[in-house]
Each structure stands twice: as C-alpha cells, then as structure tokens.
$ cat my_file-v3.cif   # mmCIF, C-alpha atoms and all ligand atoms
data_coords
loop_
_atom_site.label_atom_id
_atom_site.label_comp_id
_atom_site.auth_asym_id
_atom_site.auth_seq_id
_atom_site.Cartn_x
_atom_site.Cartn_y
_atom_site.Cartn_z
CA MET A 1 12.30 16.84 -22.76
CA THR A 2 9.07 18.04 -21.18
CA GLN A 3 8.50 17.10 -17.55
CA PRO A 4 5.54 14.79 -16.96
CA ALA A 5 2.76 16.55 -15.09
CA LEU A 6 2.83 14.10 -12.20
CA CYS A 7 5.64 11.91 -10.88
CA LEU A 8 5.37 9.34 -8.12
CA TYR A 9 8.38 7.94 -6.30
CA GLU A 10 7.48 4.32 -5.59
CA LEU A 11 9.39 1.63 -3.69
CA ALA A 12 10.65 -1.11 -6.00
CA GLY A 13 12.36 -4.45 -5.52
CA ALA A 14 15.29 -5.90 -7.47
CA ASP A 15 12.90 -5.90 -10.40
CA PRO A 16 11.98 -2.23 -10.89
CA ALA A 17 8.49 -3.37 -11.95
CA ARG A 18 7.90 -5.00 -8.55
CA LEU A 19 6.37 -1.97 -6.85
CA PHE A 20 5.53 -3.29 -3.43
CA SER A 21 4.93 -0.49 -0.93
CA PRO A 22 1.44 -0.58 0.63
CA TYR A 23 1.52 3.21 0.97
CA CYS A 24 2.58 3.79 -2.64
CA TRP A 25 -0.31 1.60 -3.78
CA ARG A 26 -2.72 3.81 -1.88
CA ALA A 27 -1.34 6.81 -3.77
CA ARG A 28 -1.43 4.93 -7.07
CA TYR A 29 -5.10 3.99 -6.55
CA ALA A 30 -5.94 7.59 -5.65
CA LEU A 31 -4.34 8.78 -8.89
CA ALA A 32 -6.17 6.13 -10.92
CA ALA A 33 -9.52 6.93 -9.29
CA LYS A 34 -8.98 10.55 -10.35
CA GLY A 35 -8.13 9.37 -13.86
CA LEU A 36 -4.61 10.76 -13.58
CA GLU A 37 -1.47 9.33 -15.12
CA ALA A 38 1.73 9.67 -13.12
CA GLU A 39 5.17 8.59 -14.11
CA THR A 40 6.65 6.04 -11.70
CA VAL A 41 10.12 6.77 -10.39
CA PRO A 42 11.30 3.43 -8.95
CA TRP A 43 13.00 4.03 -5.61
CA ARG A 44 15.03 1.82 -3.27
CA PHE A 45 15.36 2.16 0.52
CA VAL A 46 18.99 3.26 0.35
CA GLN A 47 18.30 6.03 -2.17
CA LYS A 48 17.60 8.60 0.52
CA ASP A 49 19.47 11.24 -1.46
CA ALA A 50 16.95 11.04 -4.31
CA ILE A 51 14.02 12.15 -2.14
CA ALA A 52 15.82 14.31 0.43
CA PRO A 53 15.62 17.38 -1.87
CA HIS A 54 11.82 16.94 -1.67
CA GLY A 55 11.94 17.00 2.12
CA ALA A 56 11.19 13.27 2.29
CA GLU A 57 12.71 10.23 3.97
CA LYS A 58 10.02 7.82 2.85
CA VAL A 59 7.89 7.10 -0.18
CA PRO A 60 5.41 7.75 -1.69
CA VAL A 61 6.37 11.24 -2.79
CA LEU A 62 4.23 12.90 -5.44
CA LEU A 63 5.65 15.71 -7.55
CA HIS A 64 3.12 18.02 -9.15
CA ALA A 65 3.18 21.63 -10.32
CA GLY A 66 6.49 22.36 -8.60
CA ARG A 67 5.33 20.86 -5.30
CA ALA A 68 6.34 17.70 -3.48
CA VAL A 69 3.59 15.97 -1.53
CA ARG A 70 4.61 13.37 1.06
CA GLU A 71 2.55 10.79 3.02
CA SER A 72 -0.01 8.61 1.26
CA TRP A 73 -2.92 10.15 3.16
CA ASP A 74 -1.81 13.69 2.32
CA ILE A 75 -1.37 12.73 -1.32
CA ALA A 76 -4.99 11.54 -1.50
CA VAL A 77 -6.21 14.73 0.17
CA TYR A 78 -4.07 16.81 -2.17
CA LEU A 79 -5.50 15.08 -5.24
CA GLU A 80 -9.04 15.47 -3.92
CA GLU A 81 -8.53 19.21 -3.38
CA THR A 82 -6.52 19.84 -6.55
CA PHE A 83 -8.81 17.92 -8.90
CA PRO A 84 -12.29 18.55 -7.45
CA ASP A 85 -14.02 18.06 -10.82
CA ARG A 86 -12.85 14.48 -11.09
CA PRO A 87 -14.51 11.55 -9.25
CA SER A 88 -14.36 12.08 -5.49
CA LEU A 89 -12.08 9.86 -3.42
CA PHE A 90 -14.05 10.37 -0.23
CA GLY A 91 -17.57 11.50 -1.12
CA GLY A 92 -17.41 14.68 0.95
CA ALA A 93 -16.16 15.75 4.38
CA PRO A 94 -17.77 12.99 6.50
CA GLY A 95 -16.51 10.36 4.06
CA LYS A 96 -13.04 11.85 4.33
CA ASP A 97 -13.13 11.70 8.14
CA LEU A 98 -14.26 8.08 8.05
CA ALA A 99 -11.54 7.22 5.52
CA ARG A 100 -9.02 8.67 7.95
CA PHE A 101 -10.23 6.21 10.56
CA VAL A 102 -9.89 3.40 8.00
CA ASN A 103 -6.32 4.61 7.39
CA ALA A 104 -5.45 4.35 11.07
CA TRP A 105 -7.20 0.98 11.42
CA ALA A 106 -5.58 -0.42 8.28
CA ASP A 107 -2.11 0.63 9.48
CA ALA A 108 -2.58 -0.67 13.01
CA VAL A 109 -4.44 -3.90 12.27
CA VAL A 110 -4.06 -4.92 8.62
CA LEU A 111 -0.55 -3.69 7.85
CA ALA A 112 0.96 -4.51 11.23
CA GLY A 113 -0.79 -7.90 11.21
CA ILE A 114 0.55 -8.75 7.76
CA ALA A 115 4.07 -7.56 8.61
CA ARG A 116 4.56 -10.25 11.22
CA LEU A 117 3.42 -12.92 8.77
CA ILE A 118 5.61 -12.02 5.77
CA VAL A 119 8.47 -9.72 6.78
CA ALA A 120 11.25 -12.28 6.23
CA ASP A 121 9.90 -13.15 2.77
CA ILE A 122 10.34 -9.54 1.65
CA VAL A 123 14.14 -9.92 1.72
CA ALA A 124 14.05 -12.24 -1.31
CA VAL A 125 12.47 -9.62 -3.58
CA LEU A 126 14.57 -6.64 -2.47
CA ASP A 127 17.21 -5.01 -4.55
CA PRO A 128 20.53 -6.48 -3.28
CA GLY A 129 21.60 -2.99 -2.20
CA ASP A 130 18.59 -2.77 0.13
CA VAL A 131 18.96 -6.10 1.94
CA ALA A 132 21.32 -5.06 4.75
CA TYR A 133 19.42 -1.83 5.44
CA PHE A 134 16.06 -3.58 5.48
CA ARG A 135 17.21 -6.40 7.73
CA THR A 136 19.01 -4.14 10.20
CA SER A 137 16.24 -1.54 10.46
CA ARG A 138 13.38 -4.04 10.69
CA GLU A 139 15.16 -6.38 13.11
CA ALA A 140 15.81 -3.38 15.37
CA ARG A 141 12.10 -2.52 15.16
CA PHE A 142 10.93 -6.03 16.02
CA GLY A 143 13.75 -6.81 18.47
CA MET A 144 14.41 -10.18 16.83
CA THR A 145 15.47 -11.69 13.52
CA LEU A 146 13.01 -11.46 10.65
CA GLU A 147 12.80 -15.25 10.58
CA GLN A 148 11.84 -15.29 14.27
CA VAL A 149 9.10 -12.71 13.64
CA GLN A 150 7.25 -14.98 11.24
CA ALA A 151 8.28 -18.36 12.69
CA ASP A 152 4.80 -19.07 14.11
CA ARG A 153 2.86 -17.70 11.16
CA ASP A 154 0.82 -20.83 10.48
CA VAL A 155 -0.77 -20.28 13.89
CA ALA A 156 -0.60 -16.47 13.93
CA VAL A 157 -2.53 -16.21 10.65
CA LYS A 158 -5.62 -17.42 12.50
CA GLY A 159 -5.49 -14.42 14.83
CA PHE A 160 -4.93 -12.13 11.85
CA ARG A 161 -8.01 -13.50 10.08
CA GLN A 162 -10.03 -13.07 13.24
CA ALA A 163 -8.89 -9.45 13.63
CA LEU A 164 -10.29 -8.75 10.15
CA HIS A 165 -13.78 -9.83 11.13
CA PRO A 166 -15.29 -6.30 11.10
CA LEU A 167 -14.15 -5.95 7.48
CA ARG A 168 -15.56 -9.38 6.66
CA MET A 169 -18.95 -8.52 8.17
CA ILE A 170 -19.25 -5.51 5.86
CA LEU A 171 -17.99 -7.31 2.77
CA ARG A 172 -20.50 -10.12 3.24
CA ASP A 173 -23.26 -7.61 2.56
CA GLN A 174 -21.75 -5.24 0.00
CA PRO A 175 -19.01 -5.43 -2.63
CA PHE A 176 -16.90 -2.57 -1.28
CA LEU A 177 -16.22 -0.96 2.07
CA CYS A 178 -18.20 2.09 1.05
CA GLY A 179 -21.06 0.29 -0.68
CA GLU A 180 -21.66 -0.57 -4.32
CA ARG A 181 -18.66 1.36 -5.62
CA PRO A 182 -15.06 1.46 -4.43
CA MET A 183 -13.86 4.64 -2.72
CA HIS A 184 -10.45 5.59 -1.42
CA ALA A 185 -11.13 3.84 1.90
CA ASP A 186 -11.12 0.56 -0.04
CA ALA A 187 -7.73 1.40 -1.54
CA ILE A 188 -6.40 2.27 1.91
CA ALA A 189 -7.43 -1.11 3.32
CA PHE A 190 -6.26 -2.93 0.19
CA GLY A 191 -2.72 -1.45 0.10
CA PRO A 192 -1.30 -3.89 2.67
CA PHE A 193 -2.76 -6.87 0.77
CA GLN A 194 -1.05 -5.70 -2.41
CA TRP A 195 2.20 -5.34 -0.47
CA ALA A 196 1.85 -8.96 0.66
CA ARG A 197 1.07 -10.38 -2.76
CA CYS A 198 4.09 -8.60 -4.27
CA THR A 199 6.47 -9.93 -1.64
CA SER A 200 5.31 -13.28 -0.27
CA PRO A 201 3.71 -16.54 -1.36
CA PHE A 202 2.10 -16.93 2.08
CA ARG A 203 -1.69 -17.25 1.92
CA LEU A 204 -3.25 -14.63 4.18
CA LEU A 205 -6.92 -15.36 3.49
CA ALA A 206 -8.99 -18.51 3.05
CA PRO A 207 -10.27 -18.87 -0.54
CA ASP A 208 -13.90 -18.62 0.58
CA ASP A 209 -13.39 -15.51 2.72
CA PRO A 210 -15.51 -12.53 1.54
CA ILE A 211 -12.38 -10.43 2.06
CA GLU A 212 -10.64 -12.55 -0.57
CA ALA A 213 -13.48 -11.86 -3.04
CA TRP A 214 -13.14 -8.12 -2.30
CA ARG A 215 -9.36 -8.36 -2.77
CA GLN A 216 -9.96 -9.84 -6.21
CA ARG A 217 -12.40 -7.02 -7.03
CA MET A 218 -9.79 -4.47 -5.95
CA LEU A 219 -7.24 -6.18 -8.21
CA ASP A 220 -9.64 -5.83 -11.13
CA LEU A 221 -10.00 -2.06 -10.75
CA HIS A 222 -8.42 0.45 -13.11
CA GLY A 223 -7.75 -2.07 -15.84
CA GLY A 224 -6.18 -4.53 -13.41
CA MET A 225 -3.18 -2.26 -12.82
CA ALA A 226 -2.31 -3.94 -9.52
CA ARG A 227 -2.37 -7.39 -11.16
CA ALA A 228 0.11 -6.21 -13.78
CA VAL A 229 3.10 -5.99 -11.43
CA PRO A 230 5.24 -9.01 -10.54
CA ALA A 231 3.55 -10.80 -7.63
CA PHE A 232 2.87 -14.21 -6.13
CA ASP A 233 -0.89 -14.51 -6.60
N1 LIG B 301 2.95 7.16 6.77
C1 LIG B 301 3.68 7.05 5.52
C2 LIG B 301 4.53 5.78 5.56
C3 LIG B 301 5.44 5.67 4.36
C4 LIG B 301 6.47 4.55 4.52
O1 LIG B 301 6.72 4.03 5.63
N2 LIG B 301 7.08 4.19 3.41
C5 LIG B 301 8.13 3.18 3.43
C6 LIG B 301 8.01 2.28 2.21
S1 LIG B 301 6.70 1.13 2.38
C7 LIG B 301 9.47 3.85 3.35
O2 LIG B 301 9.68 4.68 2.49
N3 LIG B 301 10.38 3.52 4.25
C8 LIG B 301 11.68 4.10 4.26
C9 LIG B 301 12.56 3.45 5.27
O3 LIG B 301 12.15 2.51 5.94
O4 LIG B 301 13.70 3.88 5.36
C10 LIG B 301 2.67 7.07 4.36
O5 LIG B 301 1.49 6.75 4.59
O6 LIG B 301 3.05 7.46 3.24
#
$ encode --input "my_file-v3.cif" --output "structure tokens" --more "lines below"
Ligand SMILES: N[C@@H](CCC(=O)N[C@@H](CS)C(=O)NCC(=O)O)C(=O)O
Amino acid sequence: MTQPALCLYELAGADPARLFSPYCWRARYALAAKGLEAETVPWRFVQKDAIAPHGAEKVPVLLHAGRAVRESWDIAVYLEETFPDRPSLFGGAPGKDLARFVNAWADAVVLAGIARLIVADIVAVLDPGDVAYFRTSREARFGMTLEQVQADRDVAVKGFRQALHPLRMILRDQPFLCGERPMHADAIAFGPFQWARCTSPFRLLAPDDPIEAWRQRMLDLHGGMARAVPAFD
C-alpha cells in the first residue's frame, strides 16, 4: 500500500470521528487553506507510544516527506514554507508575526477561558481508556476536581465574554480577523471554539454576539469540514 503524502495525528474521543483538539483543528485548517489532503490518524491521550517515535508527547503531529512536524504553530509555518505556491496562511512576514501574537492570545485568553467552563464535560466524550489519565492530569493542573473548576460557570461565562471584547470589536466591522477573507489567525482563534463544540453543550456566546456570527462563518469554511464531526452545536 502506498503511504499517503500527509498524515495528521489528531486527538479523538470514544467516537474516532469526534476530533476535538483545539490545536489539531488549527493544523487541519492550515492544511485545508493550502488545499492539502491529510489522512487523519485518530489518537488517544494514553497512546504515547504511537507518537514517541516521532519525538512527540502531544498532538498534532504531521508526517510529511519522511519528517515529523510537532506543535500546531510549527505545522502552519512548515506548510507555509513547504507549499509557497499555494494560498498564503499569513500574508507575508508581518502577518506571520501578528498571527503569532494571536496564537499566544488565543491560548492564554480564549483556550484557558474556555477550559474552566467546559473541562468536566470533556470526560463524557473521551475514550474510556483516556478518562483516568485525563482526570488525574487535569485535576493536578487545576488543583481541584474538574467539577469544581466549572461549578460557577454560569457566572464565569460573563467574564469570559467580556475578555473577548477586543475580538468582538474587530468582528463588528469585518467578517474575519484579518479582513474580508479568513487567514490562519482566524483558524488559530477558532480552534478553542471548535474544541468546545465537540465536547460540551454549554453555550459560550450569546446568539447575537458578532463572535458567534464569525464562529458560524468559520464552520462554513472548507466545505463545512468542522461541522461534519460529531459535536453539540
Ligand atoms: N502547544 C501545542 C499543544 C498541543 C497539546 O497540548 N495537545 C494536547 C491535545 S489538545 C495533547 O496532546 N495533550 C497530551 C497530554 O495531555 O498528555 C500545540 O500548539 O500543538
């Protein structure tokens, strides 16, 4: 059998189609924006041995041309450099630098903010073999049970929505973070929202929030690939 040109290890739940990692979605959007097909290799948290030979402890891991590329940011940069004739992910060096800021902001504010609203819900979609590892590692990280982390979420969601105000201000005036067309910075900011919709029924955004309209536009991209996976909304 011939090896597919590109392979992406992606975190999956009990249902292998429920691909829920925010970081893997960033890589998946980068591939799609470049018009590249990559075979998904569904991966579970406890399958460390499957990615260790590629020097990885986490996913996404992209395999291409005998190389393993780790880290969602590095995967996007690799694709940009390896496929320069295809649509740009960043729109040049300054766009790349700004996207790196968006990456840091999205991790610190969007992803971390969402984590404390939905982390206990994730358990229900995990592969049974992942449950103990996920609970133990995340409870150690938060210093409390997962249920305690999200116990006040009906109140905490207000602070989360407020923290997103800079994003909202931009999306009131333009359809995407980078203007009229989506760029990789949009995918970076969107990844955590896709993580949430794959793992939790909790409503993060008000229906009339411009960020919600942008989230829907992001879900429509690339033939609606992100809508096609099992999710709550
Ligand atoms: N900075 C990394 C983060 C990757 C990451 O944390 N991936 C999670 C899945 S969402 C993982 O593989 N975790 C393994 C673990 O917790 O043991 C990236 O951007 O790719």
$ closest_residue --input "my_file-v3.cif" --among "A:Ala112, A:Leu171, A:Ala17, A:Val149" --to "ligand LIG 301 (chain B)" --atoms "all atoms listed in the file"
A:Ala112
$ residues_around --input "my_file-v3.cif" --residues "Pro182 of chain A" --least-positions-apart "4" --cutoff "12 Å" --atoms "all atoms listed in the file" --output "list of chain:residue names"
A:Tyr29, A:Ala30, A:Ala32, A:Ala33, A:Pro87, A:Ser88, A:Leu89, A:Phe90, A:Gly91, A:Leu171, A:Gln174, A:Pro175, A:Phe176, A:Leu177, A:Cys178, A:Asp186, A:Ala187, A:Ile188, A:Ala189, A:Phe190, A:Trp214, A:Arg215, A:Arg217, A:Met218, A:Leu219, A:Asp220, A:Leu221, A:His222
$ axis_aligned_box --input "my_file-v3.cif" --around "ligand LIG 301 (chain B)" --padding-each-side "5 Å" --output "AutoDock Vina command-line options"
--center_x 7.6 --center_y 4.3 --center_z 4.5 --size_x 22.2 --size_y 16.3 --size_z 14.6
$ closest_residue --input "my_file-v3.cif" --among "A:Ala206, A:Val109, A:Val131, A:Val119" --to "Glu147 of chain A" --atoms "only C-alpha atoms"
A:Val119
$ residues_near_ligand --input "my_file-v3.cif" --ligand "ligand LIG 301 (chain B)" --cutoff "9 Å" --atoms "all atoms listed in the file" --output "compact mmCIF listing (two decimals) with C-alpha atoms, in the frame of the given file"
# COMPACT_ATOMS: atom_id res chain seq x y z
CA GLU A 10 7.48 4.32 -5.59
CA LEU A 11 9.39 1.63 -3.69
CA PHE A 20 5.53 -3.29 -3.43
CA SER A 21 4.93 -0.49 -0.93
CA PRO A 22 1.44 -0.58 0.63
CA TYR A 23 1.52 3.21 0.97
CA CYS A 24 2.58 3.79 -2.64
CA ARG A 26 -2.72 3.81 -1.88
CA ALA A 27 -1.34 6.81 -3.77
CA TRP A 43 13.00 4.03 -5.61
CA ARG A 44 15.03 1.82 -3.27
CA PHE A 45 15.36 2.16 0.52
CA VAL A 46 18.99 3.26 0.35
CA LYS A 48 17.60 8.60 0.52
CA ALA A 56 11.19 13.27 2.29
CA GLU A 57 12.71 10.23 3.97
CA LYS A 58 10.02 7.82 2.85
CA VAL A 59 7.89 7.10 -0.18
CA PRO A 60 5.41 7.75 -1.69
CA VAL A 61 6.37 11.24 -2.79
CA ARG A 70 4.61 13.37 1.06
CA GLU A 71 2.55 10.79 3.02
CA SER A 72 -0.01 8.61 1.26
CA TRP A 73 -2.92 10.15 3.16
CA ASP A 74 -1.81 13.69 2.32
CA ILE A 75 -1.37 12.73 -1.32
CA ASN A 103 -6.32 4.61 7.39
CA ASP A 107 -2.11 0.63 9.48
CA TYR A 133 19.42 -1.83 5.44
CA PHE A 134 16.06 -3.58 5.48
CA SER A 137 16.24 -1.54 10.46
CA ARG A 138 13.38 -4.04 10.69
CA TRP A 195 2.20 -5.34 -0.47
$ closest_residue --input "my_file-v3.cif" --among "A:Glu80, A:Thr199, A:Met183, A:Ala52" --to "Ala68 of chain A" --atoms "all atoms listed in the file"
A:Ala52
$ closest_atom_pairs --input "my_file-v3.cif" --of "segment 72-141 of chain A" --to "segment 154-163 of chain A" --cutoff "12 Å" --atoms "only C-alpha atoms" --output "CSV"
residue,atom,partner,partner_atom,distance
A:Trp105,CA,A:Ala163,CA,10.8
A:Ala106,CA,A:Ala163,CA,11.0
A:Ala108,CA,A:Ala163,CA,10.8
A:Val109,CA,A:Ala163,CA,7.2
A:Val110,CA,A:Phe160,CA,7.9
A:Leu111,CA,A:Phe160,CA,10.3
A:Ala112,CA,A:Phe160,CA,9.7
A:Gly113,CA,A:Phe160,CA,6.0
A:Ile114,CA,A:Phe160,CA,7.6
A:Ala115,CA,A:Phe160,CA,10.6
A:Arg116,CA,A:Ala156,CA,8.5
A:Leu117,CA,A:Val157,CA,7.1
A:Ile118,CA,A:Val157,CA,10.4
$ closest_residue --input "my_file-v3.cif" --among "A:Leu205, A:Leu8, A:Leu19, A:Leu146" --to "Asp121 of chain A" --atoms "all atoms listed in the file"
A:Leu146
$ atom_distance --input "my_file-v3.cif" --atom1 "atom CA of Ala76 of chain A" --atom2 "atom CA of Met169 of chain A"
26.3 Å
$ residues_around --input "my_file-v3.cif" --residues "Ala14 of chain A" --least-positions-apart "6" --cutoff "9 Å" --atoms "all atoms listed in the file" --output "PyMOL selection string"
chain A and resi 44+124-130
$ write_last_selection --input "my_file-v3.cif" --atoms "C-alpha atoms" --output "short mmCIF file (atom, residue, chain, number, x, y, z; two decimals), in the coordinates of the input"
data_model
loop_
_atom_site.label_atom_id
_atom_site.label_comp_id
_atom_site.auth_asym_id
_atom_site.auth_seq_id
_atom_site.Cartn_x
_atom_site.Cartn_y
_atom_site.Cartn_z
CA ARG A 44 15.03 1.82 -3.27
CA ALA A 124 14.05 -12.24 -1.31
CA VAL A 125 12.47 -9.62 -3.58
CA LEU A 126 14.57 -6.64 -2.47
CA ASP A 127 17.21 -5.01 -4.55
CA PRO A 128 20.53 -6.48 -3.28
CA GLY A 129 21.60 -2.99 -2.20
CA ASP A 130 18.59 -2.77 0.13
#
$ closest_residue --input "my_file-v3.cif" --among "A:Pro42, A:Ala228, A:Asp152, A:Arg18" --to "Ser200 of chain A" --atoms "all atoms listed in the file"
A:Arg18
